[in-house]
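**Q** One structure is given below, represented as structure tokens, and several questions about it will come after.
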Amino acid sequence: KNQVEQSPQSLIILEGKNCTLQCNYTVSPFSNLRWYKQDTGRGPVSLTIMTFSENTKSNGRYTATLDADTKQSSLHITASQLSDSASYICVVDSGFQKLVFGTGTRLLVSP
Amino acid sequence: DVKVTQSSRYLVKRTGEKVFLECVQDMDHENMFWYRQDPGLGLRLIYFSYDVKMKEKGDIPEGYSVSREKKERFSLILESASTNQTSMYLCASSSRGGGYGYTFGSGTRLTVV
């Protein structure tokens with residue numbers, strides 16, 4: 001069964017600290033993996049998209065990694081800010097835009 | 001800037017009412033999607049459309065229908081709203097090739113009472 005699992009479910013960190021969110025997937029075939037940020041009550045916004053051949057991709061303080069062999073991805077947030085408080089969703093595109101969504105990690109950055 | 005606009009941020013409807021959720025995109029995208037998002041379940045695909053007047057069922061189409069009369073507009077219809085359809089509804093669009101052009105709207109929080 002195609003699945004995307006994220007950990008942890010929720011996380012609280014102090015402002016200025018770094019954190020890493022995890023994503024494991026069992027989706028086949030694989031086209032690309034995406035990370036989205038979703039503020040409370042809003043739609044998801046794309047952070048990164050990685051294809052099979054890409055190991056890492058950055059977007060400002062966000063860096064995503066992909067290990068296609070182990071089917072794992074991570075999202076690293078550097079020097080967190082209060083505005084980083086949101087849910088982060090890992091999504092795998094299995095091709096033909098059939099997306100498989102994780103349930104997200106809820107991050108709270110505390111002052 | 002690419003935009004997907006959902007007509008309402010918040011909506012409260014009564015059980016049994018017919019409900020229309022509207023979505024408009026300004027990117028000339030061929031593909032449009034409707035999802036619902038519930039706590040602990042992630043996003044689930046209700047219906048999608050690859051072209052005008054075309055529609056395909058997603059994973060949870062029961063209780064819903066859609067309409068795509070124009071390329072830029074994709075409507076989700078709840079024929080007879082029920083309390084278990086209380087949810088966050090998200091519209092998305094993408095170009096035919098997909099990939100980087102996949103964009104979500106801001107969502108409609110529907111409450112059925």
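Each chain of the structure tokens is named A, B, ... in the order shown, its residues numbered from 1; ligands are numbered from 1 in display order.
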Tell me, as a list in words, which residues lie within 12 Å of B:Glu72, counting only C-alpha atoms; anything in the same chain fewer than 5 positions away does not count.

**A**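 The neighbour list is Lys3, Val4, Thr5, Gln6, Glu22, Cys23, Val24, Gln25, Asp26, Met27, Asp28, His29, Glu30, Asn31, Met32, Phe33, Ser49, Tyr50, Asp51, Val52, Lys53, Ser67, Cys91, Ala92, Ser93, Ser94 and Ser95 of chain B.
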
**Q** Return as a PyMOL selection string the full set of residues in chain B whose backbone-based DSSP assignment is strand (DSSP E).

**A** chain B and resi 4-6+10-13+19-25+31-38+42-49+56-57+64-70+73-78+87-94+103-104+108-112

**Q** With distances taken over only C-alpha atoms, which residue among A:Pro29, A:Gly43, A:Gly16, A:Gly95 lies nearest chain B?

**A**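 The shortest atom-to-atom distance to chain B comes from A:Gly43.
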
**Q** Mind checking which residues fall within 12 Å of stretch 104-111 of chain A, counting only C-alpha atoms, ignoring those fewer than 5 positions away in the same chain, and posting them as a PyMOL selection string?

**A** (chain A and resi 4-24+35-40+44+74-75+77-91) or (chain B and resi 37-43)

**Q** With a cut-off of 8 Å and counting only C-alpha atoms, select all residues of chain B in contact with chain A and give the selection as a PyMOL selection string.

**A** chain B and resi 40-44+90+98-100+103-107+109

**Q** Within 7 Å of B:Thr86, counting only C-alpha atoms, which residues qualify if same-chain residues fewer than 5 places away don't, as JSON, numbers by chain?

**A** {"B": [110, 111, 112]}

**Q** Report, in Å to a single decimal, how far apart atom CA of A:Phe52 and atom CA of A:Leu66 are.

**A** 8.1 Å

**Q** Among stretch 11-112 of chain B, which ones does DSSP place in helix (DSSP H, G or I), written as a ChimeraX atom specification?

**A** /B:83-85,99-101

**Q** In Å, rounded to a single decimal, give me how far atom CA of B:Asp59 is from atom CA of B:Phe74.

**A**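 Atom CA of B:Asp59 lies 17.7 Å from atom CA of B:Phe74.
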
**Q** Calculate how many Å separate atom CA of A:Asn2 from atom CA of A:Glu54, rounding to one decimal.

**A**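 So the answer is 21.3 Å.
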
**Q** Residues at most 6 Å from A:Lys71, counting only C-alpha atoms, excluding those fewer than 3 positions away in the same chain, as a list in words?

**A**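 Answer for this query is Asn24, Tyr25, Asp67 and Ala68 of chain A.
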
**Q** Would you mind exporting all heavy atoms of the selected residues as a short mmCIF file (atom, residue, chain, number, x, y, z; two decimals), in the first residue's frame?

**A**
data_model
loop_
_atom_site.label_atom_id
_atom_site.label_comp_id
_atom_site.auth_asym_id
_atom_site.auth_seq_id
_atom_site.Cartn_x
_atom_site.Cartn_y
_atom_site.Cartn_z
N ASN A 24 9.23 8.98 5.77
CA ASN A 24 9.50 7.67 5.16
C ASN A 24 8.34 7.33 4.24
O ASN A 24 7.18 7.57 4.59
CB ASN A 24 9.63 6.58 6.23
CG ASN A 24 10.81 6.82 7.16
OD1 ASN A 24 11.77 7.49 6.80
ND2 ASN A 24 10.73 6.30 8.37
N TYR A 25 8.65 6.78 3.10
CA TYR A 25 7.58 6.49 2.16
C TYR A 25 7.72 5.10 1.56
O TYR A 25 8.81 4.54 1.46
CB TYR A 25 7.53 7.54 1.05
CG TYR A 25 8.77 7.64 0.20
CD1 TYR A 25 8.88 6.91 -1.00
CD2 TYR A 25 9.84 8.45 0.56
CE1 TYR A 25 10.02 7.00 -1.78
CE2 TYR A 25 10.97 8.54 -0.21
CZ TYR A 25 11.06 7.82 -1.38
OH TYR A 25 12.20 7.90 -2.15
N ASP A 67 16.91 10.28 0.21
CA ASP A 67 17.64 9.04 -0.03
C ASP A 67 16.66 8.08 -0.69
O ASP A 67 15.83 7.45 -0.03
CB ASP A 67 18.16 8.48 1.30
CG ASP A 67 19.04 7.26 1.10
OD1 ASP A 67 18.88 6.55 0.07
OD2 ASP A 67 19.89 6.98 1.96
N ALA A 68 16.78 7.98 -2.01
CA ALA A 68 15.82 7.16 -2.76
C ALA A 68 16.02 5.67 -2.51
O ALA A 68 15.11 4.87 -2.72
CB ALA A 68 15.94 7.47 -4.25
#

**Q** List the neighbours of B:Glu79 out to 7 Å using only C-alpha atoms; skip same-chain residues closer than 2 positions along the sequence, and give me the result as JSON, numbers by chain.

**A** {"B": [18, 19, 63, 64, 77, 81]}
